[in-house]
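This is query_21.txt (compact mmCIF, C-alpha atoms).
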```
# COMPACT_ATOMS: atom_id res chain seq x y z
CA MET A 5 26.11 -16.02 -16.67
CA VAL A 6 24.20 -13.22 -14.97
CA ALA A 7 20.91 -12.39 -16.62
CA THR A 8 20.41 -8.81 -17.76
CA ASP A 9 17.57 -6.66 -16.48
CA GLU A 10 15.82 -7.00 -19.82
CA GLU A 11 15.98 -10.80 -19.69
CA LEU A 12 14.67 -10.87 -16.14
CA VAL A 13 11.89 -8.46 -17.08
CA ALA A 14 10.87 -10.70 -20.00
CA ARG A 15 10.77 -13.76 -17.74
CA SER A 16 8.83 -11.87 -15.09
CA MET A 17 6.28 -10.83 -17.68
CA ALA A 18 5.90 -14.48 -18.61
CA GLY A 19 4.90 -15.18 -15.02
CA ASP A 20 8.21 -16.11 -13.41
CA ALA A 21 8.03 -14.49 -9.96
CA GLU A 22 11.55 -15.64 -9.12
CA SER A 23 12.98 -13.52 -11.94
CA PHE A 24 11.20 -10.50 -10.56
CA ASN A 25 12.66 -11.28 -7.14
CA GLN A 26 16.12 -11.20 -8.73
CA LEU A 27 15.35 -7.74 -10.09
CA VAL A 28 14.19 -6.70 -6.62
CA LEU A 29 17.38 -8.03 -5.08
CA ARG A 30 19.45 -6.17 -7.66
CA TRP A 31 17.68 -2.83 -7.32
CA GLU A 32 16.31 -2.63 -3.79
CA ARG A 33 19.46 -1.02 -2.37
CA PRO A 34 19.75 1.75 -4.99
CA ILE A 35 16.03 2.49 -4.79
CA TYR A 36 16.11 2.57 -0.99
CA ALA A 37 19.19 4.82 -1.04
CA LEU A 38 17.49 7.14 -3.53
CA ALA A 39 14.35 7.36 -1.39
CA TYR A 40 16.37 7.81 1.79
CA ARG A 41 18.41 10.67 0.37
CA VAL A 42 15.39 12.39 -1.16
CA ILE A 43 12.97 12.12 1.77
CA GLY A 44 15.50 11.54 4.52
CA ARG A 45 13.66 9.10 6.75
CA ASP A 46 14.62 5.48 7.06
CA GLU A 47 11.17 4.03 7.71
CA ASP A 48 9.50 6.10 5.01
CA ALA A 49 12.29 5.26 2.58
CA ARG A 50 11.65 1.56 3.20
CA ASP A 51 7.95 2.08 2.53
CA VAL A 52 8.66 3.98 -0.66
CA CYS A 53 11.09 1.26 -1.75
CA GLN A 54 8.58 -1.50 -1.12
CA GLU A 55 5.79 0.41 -2.82
CA THR A 56 8.04 1.08 -5.82
CA PHE A 57 8.49 -2.64 -6.43
CA LEU A 58 4.82 -3.36 -5.81
CA ARG A 59 3.82 -0.78 -8.39
CA ALA A 60 6.45 -2.00 -10.80
CA PHE A 61 5.19 -5.55 -10.42
CA ARG A 62 1.61 -4.49 -11.08
CA ALA A 63 2.58 -2.29 -14.01
CA LEU A 64 4.96 -4.81 -15.53
CA PRO A 65 2.55 -5.89 -18.30
CA GLY A 66 2.51 -2.26 -19.45
CA PHE A 67 6.30 -1.94 -19.51
CA LYS A 68 7.24 -1.88 -23.17
CA GLY A 69 10.95 -1.38 -22.73
CA GLN A 70 11.13 2.14 -24.19
CA ALA A 71 13.30 3.10 -21.21
CA LYS A 72 15.79 1.10 -19.19
CA PHE A 73 14.20 -0.91 -16.41
CA SER A 74 16.27 1.01 -13.86
CA SER A 75 15.09 4.37 -15.24
CA TRP A 76 11.53 3.12 -15.05
CA LEU A 77 12.05 2.11 -11.42
CA TYR A 78 13.67 5.46 -10.61
CA ARG A 79 10.70 7.24 -12.13
CA ILE A 80 8.23 5.28 -10.00
CA ALA A 81 10.32 5.85 -6.87
CA LEU A 82 10.70 9.58 -7.52
CA ASN A 83 6.96 9.96 -8.09
CA LEU A 84 6.34 8.21 -4.79
CA CYS A 85 8.88 10.46 -3.05
CA ARG A 86 7.18 13.50 -4.53
CA ASP A 87 3.79 12.23 -3.37
CA TRP A 88 5.21 11.58 0.07
CA ILE A 89 6.63 15.10 0.36
CA ARG A 90 3.37 16.61 -0.90
CA ARG A 91 1.24 14.47 1.41
CA LYS A 92 3.30 15.19 4.48
CA LYS A 93 3.53 18.85 3.48
CA ARG A 94 6.89 19.21 5.07
CA THR A 95 10.45 19.69 4.03
CA PRO A 96 12.29 16.41 3.78
CA LEU A 97 14.10 15.79 6.99
CA VAL A 98 17.51 14.36 6.35
CA GLU A 99 18.68 12.67 9.48
CA MET A 100 21.35 10.25 10.44
CA PRO A 101 20.05 6.71 10.69
CA GLU A 102 19.07 5.52 14.11
CA GLY A 103 21.18 2.93 15.82
CA VAL A 104 24.40 3.83 14.01
CA ASP A 105 27.21 4.27 16.45
CA ILE A 106 30.85 4.98 15.85
CA ALA A 107 31.95 1.93 17.83
CA GLU A 108 30.05 -0.45 15.62
CA LEU A 109 31.21 1.27 12.47
CA ALA A 110 34.83 1.08 13.66
CA ALA A 111 34.44 -2.61 14.44
CA GLU A 112 33.18 -3.22 10.92
CA GLN A 113 35.92 -1.11 9.32
CA GLY A 114 38.69 -2.95 11.15
CA PRO A 115 42.26 -1.65 11.05
CA VAL A 116 41.89 0.08 7.64
CA GLU A 117 40.33 3.26 9.01
CA SER A 118 41.39 4.83 12.31
CA ILE A 119 38.78 5.87 14.84
CA GLU A 120 39.73 9.52 14.25
CA ASP A 121 39.12 9.21 10.53
CA LEU A 122 35.88 7.44 11.21
CA VAL A 123 34.63 10.13 13.58
CA SER A 124 35.65 12.76 11.05
CA ARG A 125 33.79 10.98 8.25
CA HIS A 126 30.74 10.54 10.43
CA GLU A 127 30.72 14.24 11.26
CA MET A 128 31.16 15.16 7.63
CA SER A 129 28.26 12.89 6.71
CA GLY A 130 26.07 14.77 9.18
CA ILE A 131 27.16 18.14 7.80
CA VAL A 132 26.45 17.04 4.23
CA ALA A 133 23.04 15.74 5.31
CA GLU A 134 22.29 19.12 6.88
CA GLY A 135 23.34 20.87 3.70
CA MET A 136 21.14 18.63 1.55
CA LYS A 137 18.22 19.56 3.78
CA LEU A 138 18.66 23.17 2.75
CA LEU A 139 18.18 22.45 -0.95
CA PRO A 140 14.87 22.71 -2.81
CA ASP A 141 13.44 19.33 -3.86
CA GLU A 142 14.46 19.63 -7.52
CA GLN A 143 18.07 20.54 -6.76
CA ARG A 144 18.42 17.85 -4.12
CA THR A 145 16.94 15.20 -6.41
CA ALA A 146 19.21 16.23 -9.29
CA ILE A 147 22.30 16.03 -7.07
CA VAL A 148 21.24 12.67 -5.62
CA LEU A 149 20.64 11.19 -9.06
CA LYS A 150 23.93 12.54 -10.41
CA GLU A 151 26.26 12.02 -7.45
CA TYR A 152 24.97 8.79 -5.95
CA HIS A 153 23.39 7.05 -8.91
CA GLY A 154 25.59 8.25 -11.75
CA LEU A 155 22.76 9.15 -14.10
CA THR A 156 23.54 11.27 -17.15
CA PHE A 157 22.20 14.80 -17.58
CA GLN A 158 19.81 13.46 -20.21
CA GLU A 159 18.46 10.72 -17.93
CA ILE A 160 17.93 13.20 -15.10
CA ALA A 161 16.19 15.60 -17.50
CA GLU A 162 13.81 12.81 -18.56
CA LEU A 163 13.12 11.79 -14.97
CA GLN A 164 12.55 15.34 -13.82
CA GLY A 165 10.68 16.32 -16.96
CA CYS A 166 12.78 19.39 -17.66
CA PRO A 167 15.31 20.58 -20.27
CA LEU A 168 18.93 19.51 -20.10
CA SER A 169 20.10 23.05 -19.30
CA THR A 170 17.74 23.15 -16.30
CA VAL A 171 19.38 20.03 -14.90
CA LYS A 172 22.81 21.66 -15.19
CA THR A 173 21.53 24.81 -13.53
CA ARG A 174 20.00 22.82 -10.69
CA LEU A 175 23.24 20.96 -10.18
CA TYR A 176 25.29 24.13 -10.21
CA GLN A 177 22.99 25.96 -7.81
CA GLY A 178 22.73 22.95 -5.50
CA LEU A 179 26.50 22.46 -5.36
CA SER A 180 26.96 26.18 -4.70
CA VAL A 181 24.56 26.08 -1.73
CA LEU A 182 26.36 23.01 -0.38
CA ARG A 183 29.71 24.72 -0.87
CA ARG A 184 28.60 27.72 1.20
CA HIS A 185 27.16 25.44 3.86
CA LEU A 186 30.37 23.43 4.13
CA GLU A 187 32.43 26.60 4.30
CA SER A 188 30.20 27.93 7.08
CA ARG A 189 30.87 24.72 8.99
CA GLY A 190 34.60 25.23 8.83
CA MET A 191 35.53 23.27 5.74
CA THR A 192 38.46 25.60 5.02
CA SER A 193 39.76 23.52 2.14
CA LEU A 194 36.74 24.64 0.13
CA HIS A 195 37.24 28.26 1.10
CA ASN A 196 40.85 28.11 -0.06
CA GLY A 197 39.85 26.43 -3.29
CA ARG A 198 41.92 23.34 -2.52
CA ALA A 199 40.57 20.05 -3.63
CA SER A 200 40.86 17.39 -0.96
CA MET B 7 30.88 23.40 -30.77
CA SER B 8 33.41 25.79 -32.26
CA ASP B 9 32.25 28.69 -30.07
CA PRO B 10 34.90 29.84 -27.60
CA PHE B 11 34.26 29.18 -23.92
CA VAL B 12 32.67 32.17 -22.26
CA CYS B 13 34.11 32.91 -18.84
CA ASP B 14 31.83 31.82 -15.98
CA ASP B 15 29.53 29.77 -18.26
CA LYS B 16 27.95 27.70 -15.46
CA ASP B 17 26.37 25.04 -17.65
CA THR B 18 29.65 24.29 -19.40
CA LEU B 19 31.55 24.30 -16.13
CA ILE B 20 29.12 21.76 -14.69
CA ALA B 21 29.43 19.62 -17.82
CA TYR B 22 33.22 19.82 -17.44
CA LEU B 23 33.00 19.00 -13.73
CA TYR B 24 31.01 15.82 -14.43
CA ASP B 25 33.02 14.99 -17.55
CA GLU B 26 29.93 14.93 -19.70
CA ILE B 27 31.25 17.24 -22.34
CA ASP B 28 32.32 17.23 -25.95
CA PRO B 29 36.13 16.71 -26.23
CA VAL B 30 36.54 19.87 -28.26
CA VAL B 31 34.71 21.96 -25.67
CA ARG B 32 36.69 20.26 -22.94
CA ARG B 33 39.95 21.40 -24.52
CA ARG B 34 38.64 24.96 -24.73
CA VAL B 35 37.62 24.90 -21.05
CA GLU B 36 41.02 23.56 -20.04
CA GLU B 37 42.75 26.31 -22.02
CA HIS B 38 40.55 28.86 -20.30
CA LEU B 39 41.19 27.47 -16.82
CA ARG B 40 44.94 27.87 -17.36
CA VAL B 41 44.50 31.62 -17.63
CA CYS B 42 41.41 32.33 -15.46
CA ALA B 43 41.96 32.09 -11.69
CA ALA B 44 38.28 32.72 -10.84
CA CYS B 45 36.97 29.84 -12.95
CA THR B 46 39.76 27.58 -11.68
CA ALA B 47 38.84 28.33 -8.07
CA GLU B 48 35.18 27.70 -8.85
CA VAL B 49 35.83 24.32 -10.45
CA THR B 50 38.20 23.30 -7.65
CA ALA B 51 35.74 24.25 -4.93
CA LEU B 52 32.87 22.41 -6.60
CA SER B 53 35.09 19.36 -7.05
CA SER B 54 35.81 19.45 -3.31
CA VAL B 55 32.09 19.59 -2.55
CA ARG B 56 31.67 16.48 -4.67
CA VAL B 57 34.36 14.71 -2.68
CA GLU B 58 32.65 15.59 0.59
CA LEU B 59 29.29 14.42 -0.75
CA ALA B 60 30.70 10.91 -0.93
CA SER B 61 30.82 10.78 2.87
CA TRP B 62 27.03 10.83 3.07
CA THR B 63 26.00 7.20 2.92
CA ALA B 64 22.55 5.69 3.16
CA PRO B 65 22.14 3.38 6.17
CA GLU B 66 22.88 -0.30 5.69
CA VAL B 67 19.49 -1.83 6.27
CA GLU B 68 18.09 -5.28 5.75
CA LEU B 69 15.49 -5.01 3.00
CA ASP B 70 14.93 -8.47 1.54
CA PHE B 71 11.66 -7.73 -0.20
CA GLN B 72 10.25 -10.90 -1.68
CA PHE B 73 7.34 -11.47 -4.01
CA VAL B 74 5.60 -14.69 -3.11
CA ARG B 75 2.90 -16.22 -5.24
CA LYS B 76 -0.21 -17.09 -3.32
CA SER B 77 -0.53 -20.86 -2.93
CA ALA B 78 -3.76 -22.72 -3.63
CA ALA B 79 -4.32 -23.08 0.12
CA VAL B 80 -4.60 -19.33 0.48
CA TRP B 81 -6.91 -18.93 -2.48
CA ARG B 82 -9.55 -16.30 -1.81
CA PRO B 83 -12.83 -16.84 -3.59
CA ALA B 84 -13.86 -13.24 -3.04
CA ALA B 85 -10.62 -11.29 -3.32
CA TRP B 86 -12.59 -8.23 -4.42
CA TRP B 87 -13.99 -7.81 -0.94
CA SER B 88 -10.59 -7.56 0.72
CA GLY B 89 -10.70 -3.79 0.16
CA ILE B 90 -14.12 -3.44 1.80
CA PRO B 91 -14.08 -2.47 5.49
CA VAL B 92 -15.00 -5.16 8.02
CA TRP B 93 -18.08 -3.25 9.18
CA ALA B 94 -19.38 -3.14 5.61
CA GLN B 95 -18.79 -6.89 5.24
CA ALA B 96 -20.70 -7.48 8.48
CA ALA B 97 -23.54 -5.25 7.26
CA ALA B 98 -23.65 -7.19 3.98
CA ALA B 99 -23.78 -10.49 5.88
CA ILE B 100 -26.67 -9.22 8.02
CA PHE B 101 -28.43 -8.03 4.89
CA VAL B 102 -28.10 -11.48 3.28
CA LEU B 103 -29.50 -13.11 6.43
CA ALA B 104 -32.34 -10.61 6.53
CA VAL B 105 -33.22 -11.29 2.88
CA SER B 106 -33.09 -15.02 3.52
CA ALA B 107 -35.36 -14.59 6.54
CA ALA B 108 -37.74 -12.50 4.46
CA ILE B 109 -37.83 -15.17 1.74
CA ALA B 110 -38.55 -17.81 4.34
CA ASN B 111 -41.06 -15.48 6.03
CA VAL B 112 -39.39 -16.01 9.38
CA GLN B 113 -41.26 -14.39 12.26
CA VAL B 114 -39.89 -13.94 15.75
CA ARG B 115 -42.38 -13.11 18.50
CA SER B 116 -41.99 -12.63 22.18
CA GLY B 117 -45.10 -13.66 24.06
CA THR B 118 -46.30 -15.42 27.16
CA ASP B 119 -44.86 -18.66 25.78
CA GLY B 120 -41.47 -17.06 25.53
CA LEU B 121 -39.59 -16.38 22.29
CA VAL B 122 -41.39 -17.99 19.35
CA VAL B 123 -39.69 -18.43 15.96
CA SER B 124 -41.86 -19.50 13.07
CA THR B 125 -41.70 -19.53 9.28
CA GLY B 126 -44.42 -18.68 6.79
CA TRP B 127 -45.32 -22.29 6.23
CA MET B 128 -45.48 -23.04 9.96
CA ALA B 129 -47.76 -20.15 10.88
CA PRO B 130 -51.52 -20.68 11.05
CA ALA B 131 -53.49 -19.27 8.12
CA SER B 132 -55.20 -16.70 10.31
CA ALA B 133 -51.96 -15.39 11.78
CA ALA B 134 -50.87 -13.31 8.79
CA PRO B 135 -54.01 -11.17 8.41
CA ALA B 136 -54.12 -10.69 12.18
CA ALA B 137 -50.55 -9.41 12.21
CA VAL B 138 -51.32 -6.96 9.42
CA ALA B 139 -54.67 -5.83 10.84
CA VAL B 140 -53.43 -4.68 14.24
CA PRO B 141 -50.61 -2.27 13.75
CA ASP B 142 -51.67 0.11 16.54
CA GLU B 143 -54.55 1.44 18.65
CA VAL B 144 -55.66 4.02 16.09
CA ALA B 145 -56.13 1.38 13.45
CA HIS B 146 -58.12 -0.62 15.97
CA VAL B 147 -60.60 2.19 16.53
CA ALA B 148 -61.03 2.86 12.83
CA ALA B 149 -61.48 -0.83 12.10
CA ASP B 150 -64.18 -1.14 14.78
CA GLU B 151 -66.42 1.12 12.78
CA ALA B 152 -65.61 -0.47 9.42
CA TRP B 153 -66.25 -4.14 10.11
CA LYS B 154 -69.45 -3.88 12.18
CA PRO B 155 -71.86 -3.59 9.21
CA ALA B 156 -69.99 -6.34 7.34
CA LEU B 157 -70.20 -8.63 10.36
CA ALA B 158 -73.88 -7.98 10.67
CA ALA B 159 -74.40 -8.83 6.98
CA LEU B 160 -72.38 -12.05 7.36
CA GLU B 161 -74.42 -13.05 10.39
CA THR B 162 -77.64 -12.53 8.49
CA GLN B 163 -76.36 -14.56 5.53
CA LEU B 164 -75.28 -17.44 7.75
CA ARG B 165 -78.62 -17.52 9.54
CA ASN B 166 -80.43 -17.66 6.21
CA GLU B 167 -78.25 -20.50 4.96
CA ILE B 168 -78.67 -22.50 8.17
CA ARG B 169 -82.37 -21.97 8.03
CA SER B 170 -82.62 -23.05 4.39
CA GLY B 171 -80.39 -26.07 5.10
CA ARG B 172 -82.69 -27.22 7.86
CA ASP B 173 -85.68 -26.64 5.69
CA ASN B 174 -84.41 -28.61 2.66
CA GLY B 175 -82.40 -31.27 4.51
CA THR B 176 -79.76 -31.24 1.79
CA ASN B 177 -77.11 -33.45 3.43
CA LEU B 178 -75.71 -34.42 0.03
CA VAL B 179 -74.74 -30.83 -0.75
CA ARG B 180 -72.95 -30.54 2.61
CA ALA B 181 -71.00 -33.77 1.98
CA SER B 182 -69.95 -32.61 -1.45
CA ALA B 183 -68.79 -29.25 -0.04
CA ARG B 184 -66.73 -31.07 2.62
CA THR B 185 -65.08 -33.22 -0.06
CA ALA B 186 -64.15 -30.10 -2.07
CA ASP B 187 -62.74 -28.46 1.08
CA ASP B 188 -60.61 -31.53 1.83
CA ALA B 189 -59.15 -31.55 -1.70
CA THR B 190 -58.32 -27.85 -1.50
CA LEU B 191 -56.74 -28.31 1.92
CA LYS B 192 -54.66 -31.20 0.64
CA ASN B 193 -53.48 -29.11 -2.34
CA ILE B 194 -52.53 -26.27 -0.04
CA GLU B 195 -50.62 -28.61 2.25
CA LEU B 196 -48.69 -30.01 -0.73
CA MET B 197 -47.83 -26.53 -1.92
CA ILE B 198 -46.68 -25.53 1.54
CA GLU B 199 -44.52 -28.62 1.82
CA ALA B 200 -42.89 -27.92 -1.56
CA SER B 201 -42.30 -24.31 -0.63
CA GLU B 202 -40.88 -25.30 2.73
CA ARG B 203 -38.47 -27.74 1.10
CA ARG B 204 -37.33 -25.12 -1.38
CA GLN B 205 -36.81 -22.49 1.30
CA ARG B 206 -34.87 -24.91 3.47
CA GLN B 207 -32.54 -25.80 0.59
CA GLU B 208 -32.03 -22.13 -0.23
CA MET B 209 -31.24 -21.27 3.38
CA ALA B 210 -28.82 -24.21 3.74
CA LEU B 211 -27.04 -23.19 0.53
CA ARG B 212 -26.62 -19.59 1.63
CA LEU B 213 -25.41 -20.56 5.08
CA THR B 214 -22.87 -22.97 3.57
CA GLN B 215 -21.55 -20.31 1.22
CA PHE B 216 -21.32 -17.78 4.02
CA ASN B 217 -19.51 -20.25 6.27
CA ARG B 218 -17.05 -21.14 3.52
CA ASP B 219 -16.27 -17.48 2.78
CA VAL B 220 -15.69 -16.74 6.45
CA ASN B 221 -13.34 -19.72 6.73
CA MET B 222 -11.37 -18.64 3.65
CA GLN B 223 -10.99 -15.10 4.99
CA ARG B 224 -9.95 -16.45 8.37
CA GLN B 225 -7.34 -18.70 6.77
CA ALA B 226 -5.91 -15.80 4.75
CA ASP B 227 -5.80 -13.58 7.86
CA LEU B 228 -3.96 -16.29 9.78
CA VAL B 229 -1.34 -16.55 7.04
CA LYS B 230 -0.93 -12.76 7.05
CA ILE B 231 -0.56 -12.67 10.84
CA ASP B 232 1.97 -15.47 10.63
CA GLN B 233 4.03 -13.49 8.10
CA ILE B 234 3.95 -10.34 10.23
CA ILE B 235 5.07 -12.27 13.30
CA GLY B 236 7.89 -13.76 11.22
CA GLN B 237 9.00 -10.30 10.12
CA TYR B 238 9.00 -9.04 13.70
CA ALA B 239 11.00 -12.03 14.80
CA ALA B 240 13.58 -11.40 12.07
CA THR B 241 13.86 -7.71 13.02
CA SER B 242 14.34 -8.55 16.68
CA GLY B 243 17.04 -11.06 15.75
CA ALA B 244 18.90 -8.46 13.70
CA GLU B 245 18.71 -5.94 16.53
CA LEU B 246 20.04 -8.50 19.00
CA ALA B 247 22.94 -9.31 16.69
CA GLN B 248 23.73 -5.62 16.34
CA GLN B 249 23.69 -5.12 20.11
CA ARG B 250 25.91 -8.13 20.55
CA ARG B 251 28.44 -6.78 18.05
CA THR B 252 28.48 -3.40 19.80
CA LEU B 253 28.96 -5.08 23.17
CA ASN B 254 31.81 -7.21 21.84
CA TYR B 255 33.50 -4.18 20.40
CA LEU B 256 33.12 -2.19 23.60
CA THR B 257 34.55 -5.13 25.52
CA ARG B 258 37.55 -5.23 23.17
CA VAL B 259 38.06 -1.47 23.36
CA SER B 260 37.79 -1.38 27.16
CA ASN B 261 40.37 -4.22 27.47
CA PRO B 262 43.09 -3.25 24.96
CA GLN B 263 45.70 -5.64 26.44
CA GLN B 264 43.72 -8.73 25.52
```
Using the file provided, produce a representation of the structure as structure tokens.
Amino acid sequence: MVATDEELVARSMAGDAESFNQLVLRWERPIYALAYRVIGRDEDARDVCQETFLRAFRALPGFKGQAKFSSWLYRIALNLCRDWIRRKKRTPLVEMPEGVDIAELAAEQGPVESIEDLVSRHEMSGIVAEGMKLLPDEQRTAIVLKEYHGLTFQEIAELQGCPLSTVKTRLYQGLSVLRRHLESRGMTSLHNGRAS
Amino acid sequence: MSDPFVCDDKDTLIAYLYDEIDPVVRRRVEEHLRVCAACTAEVTALSSVRVELASWTAPEVELDFQFVRKSAAVWRPAAWWSGIPVWAQAAAAIFVLAVSAAIANVQVRSGTDGLVVSTGWMAPASAAPAAVAVPDEVAHVAADEAWKPALAALETQLRNEIRSGRDNGTNLVRASARTADDATLKNIELMIEASERRQRQEMALRLTQFNRDVNMQRQADLVKIDQIIGQYAATSGAELAQQRRTLNYLTRVSNPQQ
């Protein structure tokens, strides 16, 4: 039976490092993906991810379980992302990861996805990344938390420290900016109001 | 909840879009969408944006963060100093040596005999005042004037004593004075020996501690370097595997008949 986060946290607090490693294994991908999408740089996202778990490990004795462990991790990671953006004093640069080539992706996908579909998806990914770059930090973070991590409006409001209605407004405004960006890049299905 | 849906209510549309909405309100929105083309187009377009967002994936990277407890072999007796810069640690080490040298009264002189190292208990009794009395030429000149009358008085006193000694022939007094001098000398020698022993033990203890700390730090650094090299090796291996996969694929693509 798979241990829950709460059980692993309790064991970690009792000094079981292996339990904490299981939590790391379970959450490192989501935290990395969050950091990558918010700050947009692979290397920096790795650093933020690693630092998130380091801080969580150090702060574990103070974790009283008022929030979910994952929410607690997200909060630490978002604070680090915010610090990173402030420290670098630059707009997050969303870029495609280095070393990703269509050929390799196609080889991994196998016969399920044609090379044309793959190229199209890769291009779309780049266009979306460009659009995300246009968004203010708060809107981008809200969209990332909602779209890619499935958090509720309430959870996002708590993480961002704002009212629920503000979260909805940020989401609406962010999606509208992305919509215009996609339309400007020839995504005619959006212009025609046809869901793909 | 019983309020009717107001056309173009963005918050409610977003709640509807993400299906985080009260069922009653949902029904009202759906009723509205059936009759409002503008709101329908808005919801459809935003839904399409959401579909396109799914194409943006984070790179598949090897993370494998691991928390490893430090073993006893890597125990650091002075973990608090790991945050102190190396130059500050070196300065502290020099300071400790300097204090030890000061305690032991170590003196290093360069003279005609070459480099001479001596400790307080090894130096002749007259050496210390001499070292203090001759700081520079100016002090020399001032001292010339100060000690001349005192020297003259001492000379007079000695002459008087010698004269009176000759006159009285008091050899017994001289013998008793020599005995007292010998006892004092012996006491001083004993004190110096005890002090020397104490200083030597103190110095040996400090040097041992310093040596042990340096060894511990060195051991920890070696472990760290070993880990870093291991990480680099793993990264290089992953890159090689990736290149090999790409090459294999290109080979397959360039030879479709095989």
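Minimum distance to chain A across B:Val229, B:Ile100, B:Leu52, B:Leu211 (counting all atoms listed in the file) occurs at B:Leu52.
Using all atoms listed in the file, the shortest contact distance between chain A and any of B:Thr185, B:Thr257, B:Thr190, B:Thr214 is found at B:Thr257.
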* Asked: Can you tell me, as a ChimeraX atom specification, what residues are no more than 9 Å from segment 36-41 of chain A when counting all atoms listed in the file, ignoring any on the same chain fewer than 4 positions away?
  -> /A:31-32,45-54,78,81-82,84-85,98,133,136,144-145,148-149,152-153 /B:63-65,69
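Nearest residue to chain A among B:Cys42, B:Leu228, B:Val259, B:Val220 is B:Val259, counting only C-alpha atoms.
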Min atom-atom distance to Arg59 of chain A from the set A:Arg79, A:Lys137, A:Arg184, A:Lys92, counting all atoms listed in the file, belongs to A:Arg79
With distances taken over only C-alpha atoms, the candidate from A:Ala146, A:Met128, A:Leu77, A:Leu138 nearest chain B is A:Met128
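Counting from atom CA of Arg56 of chain B, the distance to atom CA of Arg183 of chain A is 9.3 Å.
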- Which residues of chain B are close to chain A, meaning at most 9 Å apart when you count all atoms listed in the file, and how do they look as a PyMOL selection string? chain B and resi 16-21+24+26+46-67+69-75+248+251-253+255-256+259
Within 10 Å of (34.0, 27.2, -26.5), all atoms listed in the file: residues as a ChimeraX atom specification?
/B:7-13,15,18,30-35,37-38
One decimal place gives the atom CA of Ile43 of chain A-atom CA of Pro140 of chain A separation as 11.7 Å
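Note that the spacing between atom CA of Val105 of chain B and atom CA of Arg212 of chain B amounts to 10.7 Å.
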Missing atoms in segment 17-28 of chain B: fill them in up to N, CA and C atoms and send the result as a compact mmCIF listing (two decimals), keeping the file's coordinate frame.
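Dumped everything to selection-v4.txt:
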```
# COMPACT_ATOMS: atom_id res chain seq x y z
N ASP B 17 26.78 26.33 -17.08
CA ASP B 17 26.37 25.04 -17.65
C ASP B 17 27.58 24.25 -18.17
N THR B 18 28.48 24.98 -18.85
CA THR B 18 29.65 24.29 -19.40
C THR B 18 30.59 23.86 -18.28
N LEU B 19 30.69 24.68 -17.25
CA LEU B 19 31.55 24.30 -16.13
C LEU B 19 31.04 23.02 -15.45
N ILE B 20 29.71 22.97 -15.31
CA ILE B 20 29.12 21.76 -14.69
C ILE B 20 29.35 20.54 -15.58
N ALA B 21 29.18 20.73 -16.88
CA ALA B 21 29.43 19.62 -17.82
C ALA B 21 30.89 19.17 -17.74
N TYR B 22 31.79 20.13 -17.58
CA TYR B 22 33.22 19.82 -17.44
C TYR B 22 33.47 19.08 -16.12
N LEU B 23 32.82 19.58 -15.07
CA LEU B 23 33.00 19.00 -13.73
C LEU B 23 32.60 17.52 -13.72
N TYR B 24 31.50 17.20 -14.42
CA TYR B 24 31.01 15.82 -14.43
C TYR B 24 31.53 15.03 -15.64
N ASP B 25 32.41 15.64 -16.39
CA ASP B 25 33.02 14.99 -17.55
C ASP B 25 31.97 14.47 -18.53
N GLU B 26 30.97 15.28 -18.71
CA GLU B 26 29.93 14.93 -19.70
C GLU B 26 29.95 16.05 -20.74
N ILE B 27 31.00 16.09 -21.49
CA ILE B 27 31.25 17.24 -22.34
C ILE B 27 31.94 16.79 -23.63
N ASP B 28 31.68 17.52 -24.67
CA ASP B 28 32.32 17.23 -25.95
C ASP B 28 33.84 17.46 -25.82
```
